[in-house]
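Asks: Just data.txt, nothing more (compact mmCIF, C-alpha atoms and all ligand atoms):
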```
# COMPACT_ATOMS: atom_id res chain seq x y z
CA MET A 1 85.84 78.61 51.30
CA LYS A 2 83.46 77.73 48.47
CA LYS A 3 85.40 79.95 46.09
CA GLU A 4 88.66 78.22 47.07
CA SER A 5 87.10 74.78 46.40
CA THR A 6 85.81 75.94 43.01
CA ILE A 7 89.29 77.16 42.07
CA ARG A 8 90.78 73.82 43.19
CA ASP A 9 88.16 71.88 41.21
CA SER A 10 88.67 73.86 38.05
CA PHE A 11 92.46 73.50 38.41
CA ARG A 12 92.07 69.72 38.78
CA SER A 13 89.75 69.59 35.79
CA PHE A 14 92.25 71.68 33.77
CA ARG A 15 95.04 69.28 34.76
CA ILE A 16 93.00 66.22 33.73
CA ASN A 17 92.09 67.84 30.42
CA LEU A 18 95.77 68.61 29.81
CA VAL A 19 96.77 64.96 30.41
CA PHE A 20 93.91 63.78 28.18
CA LEU A 21 95.02 66.19 25.46
CA ALA A 22 98.60 64.91 25.74
CA PHE A 23 97.36 61.34 25.39
CA VAL A 24 95.26 62.17 22.30
CA LEU A 25 98.30 63.93 20.83
CA LEU A 26 100.40 60.81 21.52
CA LEU A 27 97.85 58.66 19.65
CA ILE A 28 97.86 61.09 16.70
CA VAL A 29 101.64 61.43 16.36
CA GLU A 30 102.53 57.84 17.32
CA PRO A 31 102.38 56.49 13.72
CA PHE A 32 104.79 59.21 12.64
CA ILE A 33 107.32 58.87 15.45
CA SER A 34 107.26 55.07 15.66
CA ASP A 35 109.81 54.74 12.85
CA SER A 36 112.26 57.18 14.39
CA LEU A 37 112.07 58.00 18.10
CA LEU A 38 110.52 54.69 19.19
CA ALA A 39 112.52 52.64 16.67
CA VAL A 40 115.21 51.14 18.84
CA PRO A 41 116.50 48.06 16.97
CA PHE A 42 116.96 44.88 18.99
CA THR A 43 119.47 42.18 18.10
CA LEU A 44 117.44 39.04 17.39
CA VAL A 45 120.29 36.79 16.19
CA ASP A 46 124.08 37.16 16.36
CA ASN A 47 127.19 34.96 16.11
CA ASP A 48 126.57 33.59 19.64
CA THR A 49 122.90 32.68 19.10
CA LEU A 50 122.24 28.95 19.39
CA GLY A 51 120.80 27.26 16.31
CA PHE A 52 119.81 23.84 15.02
CA TYR A 53 122.78 22.69 12.92
CA ASN A 54 123.27 20.23 10.07
CA ASP A 55 126.86 19.59 8.88
CA SER A 56 126.12 16.30 7.10
CA LEU A 57 125.78 17.71 3.58
CA GLY A 58 129.44 17.38 2.56
CA THR A 59 129.70 18.30 -1.14
CA THR A 60 126.34 16.69 -2.11
CA LEU A 61 125.12 19.96 -3.61
CA ASP A 62 128.32 20.72 -5.60
CA ARG A 63 127.72 21.31 -9.33
CA THR A 64 123.94 21.39 -8.91
CA ASN A 65 121.78 24.36 -9.97
CA PRO A 66 123.52 25.53 -13.18
CA TYR A 67 123.45 29.32 -13.32
CA ARG A 68 125.01 31.77 -15.81
CA GLY A 69 127.88 29.52 -16.92
CA THR A 70 128.64 28.24 -13.43
CA PHE A 71 126.58 26.75 -10.57
CA LEU A 72 124.83 28.07 -7.46
CA PHE A 73 127.08 25.47 -5.77
CA PRO A 74 130.33 25.61 -7.81
CA GLY A 75 132.67 22.61 -7.84
CA ALA A 76 135.25 22.08 -5.09
CA ASN A 77 138.55 23.98 -5.01
CA VAL A 78 137.32 26.67 -7.39
CA ALA A 79 137.00 24.12 -10.24
CA ASP A 80 134.12 26.14 -11.73
CA GLY A 81 135.60 29.55 -10.96
CA ASP A 82 134.89 31.94 -8.10
CA PRO A 83 131.67 33.66 -9.20
CA THR A 84 130.06 36.82 -7.84
CA ILE A 85 126.27 36.37 -7.73
CA ASN A 86 124.16 38.84 -5.72
CA GLY A 87 120.45 38.06 -5.65
CA ALA A 88 120.59 34.38 -6.59
CA PRO A 89 117.34 32.54 -7.39
CA GLU A 90 116.08 29.96 -4.89
CA PRO A 91 118.26 26.85 -5.26
CA ILE A 92 116.68 23.44 -5.85
CA LEU A 93 117.92 21.20 -3.06
CA VAL A 94 116.46 17.89 -4.27
CA SER A 95 119.86 16.11 -4.32
CA ALA A 96 120.19 16.87 -0.58
CA ASP A 97 116.58 16.01 0.33
CA SER A 98 117.45 12.90 2.34
CA ILE A 99 120.09 14.81 4.35
CA LEU A 100 118.13 18.00 5.01
CA GLY A 101 114.62 16.53 5.34
CA PRO A 102 111.63 18.93 5.50
CA TRP A 103 113.70 21.68 7.16
CA LEU A 104 111.90 24.39 5.13
CA ASN A 105 108.48 23.41 6.52
CA ASN A 106 106.80 25.92 8.84
CA PRO A 107 107.52 24.76 11.50
CA PRO A 108 110.57 22.77 10.33
CA VAL A 109 110.62 18.98 10.72
CA LEU A 110 114.15 17.91 11.61
CA ASN A 111 115.65 14.46 10.96
CA ALA A 112 118.58 12.80 12.78
CA ASN A 113 121.17 14.86 10.82
CA TRP A 114 120.16 17.97 12.78
CA ASN A 115 121.86 18.73 16.09
CA ASP A 116 119.92 20.21 18.98
CA PRO A 117 120.43 23.98 19.42
CA GLN A 118 124.15 24.62 19.69
CA THR A 119 126.73 27.37 19.18
CA ILE A 120 127.16 27.66 15.43
CA PRO A 121 130.80 27.29 14.29
CA MET A 122 131.82 30.32 12.23
CA THR A 123 134.01 28.13 9.99
CA TRP A 124 133.30 24.63 8.66
CA ALA A 125 134.85 21.93 6.43
CA ILE A 126 136.20 23.61 3.26
CA ASN A 127 134.16 23.03 0.07
CA THR A 128 131.12 21.73 1.99
CA GLU A 129 127.69 23.21 2.66
CA THR A 130 126.11 23.52 6.13
CA ALA A 131 122.56 24.38 7.23
CA ILE A 132 121.32 26.34 10.26
CA ILE A 133 117.89 27.14 11.71
CA TYR A 134 117.59 30.06 14.13
CA ASN A 135 114.34 30.41 16.08
CA ILE A 136 113.17 34.04 16.40
CA ASP A 137 110.49 34.97 18.95
CA GLY A 138 108.05 37.54 17.53
CA GLY A 139 106.79 38.28 21.07
CA GLN A 140 103.16 39.24 21.73
CA SER A 141 102.84 42.01 19.14
CA GLY A 142 105.42 41.17 16.46
CA ILE A 143 108.60 42.79 15.13
CA GLN A 144 109.10 45.15 12.21
CA ASP A 145 112.06 46.59 10.27
CA VAL A 146 113.79 43.20 10.39
CA VAL A 147 117.18 43.15 8.64
CA ALA A 148 119.68 40.28 8.32
CA HIS A 149 123.28 41.54 8.17
CA ILE A 150 125.42 38.70 6.85
CA GLY A 151 129.05 38.17 5.89
CA VAL A 152 130.15 34.89 4.30
CA ASP A 153 132.92 33.04 2.44
CA ASN A 154 131.70 31.99 -0.03
CA GLY A 155 127.91 31.98 -0.28
CA VAL A 156 124.60 32.03 1.60
CA TYR A 157 120.94 31.24 0.92
CA ILE A 158 118.28 32.28 3.43
CA TRP A 159 114.60 31.49 4.02
CA LEU A 160 112.16 32.84 6.60
CA ASP A 161 109.46 30.39 7.71
CA GLY A 162 110.34 28.35 4.60
CA ILE A 163 109.90 31.28 2.17
CA TYR A 164 113.02 32.08 0.17
CA GLN A 165 114.46 35.56 0.84
CA PHE A 166 117.97 35.98 -0.56
CA GLY A 167 121.05 34.30 -1.95
CA ALA A 168 124.57 35.45 -2.88
CA LEU A 169 128.03 34.09 -3.67
CA ALA A 170 131.36 35.87 -3.90
CA PRO A 171 135.07 35.19 -3.59
CA GLY A 172 136.24 35.35 0.05
CA PRO A 173 136.79 36.63 2.63
CA VAL A 174 134.08 37.25 5.26
CA ILE A 175 133.17 40.92 5.50
CA GLU A 176 130.74 41.88 8.30
CA PHE A 177 127.62 43.61 6.91
CA GLU A 178 128.56 42.33 3.42
CA TYR A 179 124.86 41.71 2.72
CA ASN A 180 122.05 43.64 4.46
CA VAL A 181 118.84 41.83 3.65
CA PRO A 182 115.46 43.35 4.62
CA LEU A 183 113.09 40.62 5.85
CA PRO A 184 109.27 40.69 6.18
CA ASP A 185 107.66 41.92 9.42
CA LEU A 186 107.31 39.12 11.97
CA GLY A 187 103.93 38.41 13.55
CA PRO A 188 103.55 37.22 17.16
CA GLY A 189 104.98 33.79 18.00
CA THR A 190 107.94 31.74 16.79
CA HIS A 191 109.63 32.23 13.41
CA TYR A 192 112.35 30.21 11.71
CA LEU A 193 115.33 31.70 9.88
CA GLN A 194 116.78 28.95 7.69
CA VAL A 195 120.34 29.51 6.45
CA LEU A 196 122.34 27.41 3.96
CA ARG A 197 126.07 28.26 3.88
CA GLU A 198 128.07 27.48 0.73
CA ASP A 199 131.81 27.09 0.13
CA HIS A 200 133.89 26.13 -2.92
CA GLY A 201 137.49 26.27 -1.74
CA GLY A 202 140.31 28.16 -0.03
CA THR A 203 138.99 29.37 3.32
CA ASP A 204 135.43 29.82 4.60
CA GLY A 205 133.65 31.82 7.28
CA PHE A 206 130.41 33.44 8.39
CA SER A 207 129.02 36.29 10.48
CA ILE A 208 125.39 37.18 11.20
CA GLN A 209 123.42 39.89 12.98
CA VAL A 210 119.64 40.07 12.61
CA THR A 211 118.01 43.21 14.01
CA GLY A 212 114.36 44.31 14.33
CA VAL A 213 112.08 46.80 16.09
CA PRO A 214 109.29 45.46 18.35
CA GLU A 215 105.84 46.77 17.32
CA PRO A 216 104.97 49.97 19.25
CA ALA A 217 101.60 48.58 20.45
CA THR A 218 103.16 48.40 23.92
CA ILE A 219 103.60 52.19 23.96
CA CYS A 220 99.87 52.74 23.17
CA LEU A 221 98.86 50.24 25.86
CA LEU A 222 100.95 52.22 28.35
CA GLY A 223 99.10 55.40 27.30
CA VAL A 224 95.70 53.74 27.78
CA GLY A 225 96.84 52.55 31.21
CA VAL A 226 97.81 56.08 32.34
CA PHE A 227 94.51 57.52 31.07
CA GLY A 228 92.55 54.77 32.84
CA LEU A 229 94.27 55.63 36.14
CA ILE A 230 93.40 59.32 35.81
CA ARG A 231 89.75 58.56 35.02
CA ARG A 232 89.52 56.31 38.08
CA LYS A 233 91.01 59.00 40.38
CA ARG A 234 88.23 61.34 39.25
CA CA B 301 130.41 23.27 -1.98
CA CA B 302 132.31 37.28 0.96
CA CA B 303 135.94 29.78 0.21
```
How does the structure come out when it is put into structure tokens?
Ligand SMILES: [Ca+2]
Ligand SMILES: [Ca+2]
Ligand SMILES: [Ca+2]
Replies:
Amino acid sequence: MKKESTIRDSFRSFRINLVFLAFVLLLIVEPFISDSLLAVPFTLVDNDTLGFYNDSLGTTLDRTNPYRGTFLFPGANVADGDPTINGAPEPILVSADSILGPWLNNPPVLNANWNDPQTIPMTWAINTETAIIYNIDGGQSGIQDVVAHIGVDNGVYIWLDGIYQFGALAPGPVIEFEYNVPLPDLGPGTHYLQVLREDHGGTDGFSIQVTGVPEPATICLLGVGVFGLIRRKR
């Protein structure tokens, strides 16, 4: 009887040690597997995501920001050509200040030209510029490997929490995944993706998909929870 109990005890102890070992192994290998096995990208923004929208700019920005023989906002109807610029510097938007307001603040401050969150039209008045703000929730532990996949006719400028990230112009049309822009990791809480769309004639259009991987802290917390349960059972 005593012998049987000893065998049972040592088997239980062996089982607990095995689970503990597995948990320690998980902690050790977690940093290495988090970028592959645990890295399931989530869609944070797509063409159906509601955004704050400002379509009051008209052609206010046209022929501002001279750049390499043309402008970051070329004149209407291809008057200044149809440039290809990939990796544009941050545009100076002072001539549109009264229309945009402090939209690049963190958090943005929105004047009466901004509509409440709405479905963003994928086309807009030819030759004009339009501005969008998408809210992105970083959750409780943040999001990493954030990438903005954008297609546009003709151009786009993007900021994250008011910090300039990327700009590009090209002749049309819209090609999905035309630009794949890595963005900084997002901490917990709300973030703001500010987008300025540019057009200078012909047709226009836009597509967006922003993806990211939630921080794997949740996985570790789960591991701690399992270990805590085992310890309590003992
Ligand atoms: Ca324009
Ligand atoms: Ca394009
Ligand atoms: Ca165009």
Asks: Taking all atoms listed in the file into account, report as a list in words which residues have an atom no farther than 9 Å from an atom of ligand CA 302 (chain B).
Replies: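 Written in the requested form, the residues are Gly151, Val152, Asp153, Asn154, Gly155, Ala168, Leu169, Ala170, Pro171, Gly172, Pro173, Val174, Ile175, Glu176, Glu178, Tyr179, Asp204, Gly205 and Phe206 of chain A.
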Asks: From the options A:Phe52, A:Trp124, A:Phe71, A:Phe166, which residue's atoms come nearest to ligand CA 303 (chain B), counting all atoms listed in the file?
Replies: A:Trp124
Asks: Just want the residues within 8 Å of ligand CA 301 (chain B), written as number ranges by chain, counting all atoms listed in the file.
Replies: A: 58-62, 73-76, 126-129, 198-201
Asks: Keeping only C-alpha atoms, write the selected residues to a file as a PDB file, in the coordinates of the input.
Replies:
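Final file, again_25.pdb:
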```pdb
ATOM      1  CA  GLY A  58     129.440  17.380   2.560  1.00  0.00           C
ATOM      2  CA  THR A  59     129.700  18.300  -1.140  1.00  0.00           C
ATOM      3  CA  THR A  60     126.340  16.690  -2.110  1.00  0.00           C
ATOM      4  CA  LEU A  61     125.120  19.960  -3.610  1.00  0.00           C
ATOM      5  CA  ASP A  62     128.320  20.720  -5.600  1.00  0.00           C
ATOM      6  CA  PHE A  73     127.080  25.470  -5.770  1.00  0.00           C
ATOM      7  CA  PRO A  74     130.330  25.610  -7.810  1.00  0.00           C
ATOM      8  CA  GLY A  75     132.670  22.610  -7.840  1.00  0.00           C
ATOM      9  CA  ALA A  76     135.250  22.080  -5.090  1.00  0.00           C
ATOM     10  CA  ILE A 126     136.200  23.610   3.260  1.00  0.00           C
ATOM     11  CA  ASN A 127     134.160  23.030   0.070  1.00  0.00           C
ATOM     12  CA  THR A 128     131.120  21.730   1.990  1.00  0.00           C
ATOM     13  CA  GLU A 129     127.690  23.210   2.660  1.00  0.00           C
ATOM     14  CA  GLU A 198     128.070  27.480   0.730  1.00  0.00           C
ATOM     15  CA  ASP A 199     131.810  27.090   0.130  1.00  0.00           C
ATOM     16  CA  HIS A 200     133.890  26.130  -2.920  1.00  0.00           C
ATOM     17  CA  GLY A 201     137.490  26.270  -1.740  1.00  0.00           C
TER      18      GLY A 201
END
```
Asks: In Å, with one decimal, what is the gap from atom CA of Ile208 of chain A to atom CA of Leu196 of chain A?
Replies: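 Those two atoms sit 12.5 Å apart.
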Asks: For the atom pair atom CA of Gln165 of chain A and atom CA of Asp55 of chain A, what is the interatomic distance in Å to one decimal place?
Replies: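 Separation of atom CA of Gln165 of chain A and atom CA of Asp55 of chain A: 21.8 Å.
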Asks: Produce segment 154-166 of chain A of the given structure as output with N, CA and C atoms, as a CSV table (one decimal), in the first residue's frame.
Replies:
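result.csv, written as the output of this step:
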```csv
chain,number,residue,atom,x,y,z
A,154,ASN,N,-3.3,59.7,-57.6
A,154,ASN,CA,-1.9,59.6,-58.0
A,154,ASN,C,-0.9,59.4,-56.8
A,155,GLY,N,-1.2,60.1,-55.7
A,155,GLY,CA,-0.2,60.2,-54.6
A,155,GLY,C,-0.7,60.0,-53.2
A,156,VAL,N,0.2,59.8,-52.3
A,156,VAL,CA,-0.2,59.6,-50.9
A,156,VAL,C,0.9,60.1,-50.0
A,157,TYR,N,0.5,60.7,-48.8
A,157,TYR,CA,1.5,61.1,-47.8
A,157,TYR,C,0.9,60.5,-46.5
A,158,ILE,N,1.7,59.8,-45.7
A,158,ILE,CA,1.1,59.3,-44.4
A,158,ILE,C,2.0,59.6,-43.2
A,159,TRP,N,1.2,59.8,-42.1
A,159,TRP,CA,1.8,60.1,-40.8
A,159,TRP,C,1.2,59.1,-39.8
A,160,LEU,N,2.0,58.8,-38.8
A,160,LEU,CA,1.5,58.0,-37.7
A,160,LEU,C,1.6,58.8,-36.4
A,161,ASP,N,0.6,59.1,-35.7
A,161,ASP,CA,0.6,59.9,-34.5
A,161,ASP,C,1.3,61.3,-34.8
A,162,GLY,N,1.1,61.8,-36.0
A,162,GLY,CA,1.6,63.1,-36.4
A,162,GLY,C,3.0,63.1,-36.8
A,163,ILE,N,3.7,61.9,-36.9
A,163,ILE,CA,5.1,61.8,-37.3
A,163,ILE,C,5.1,61.2,-38.7
A,164,TYR,N,5.7,62.0,-39.6
A,164,TYR,CA,5.7,61.7,-41.0
A,164,TYR,C,6.4,60.3,-41.3
A,165,GLN,N,5.8,59.5,-42.2
A,165,GLN,CA,6.3,58.1,-42.4
A,165,GLN,C,6.7,57.9,-43.9
A,166,PHE,N,5.9,58.4,-44.8
A,166,PHE,CA,6.1,58.0,-46.2
A,166,PHE,C,5.3,58.9,-47.2
```
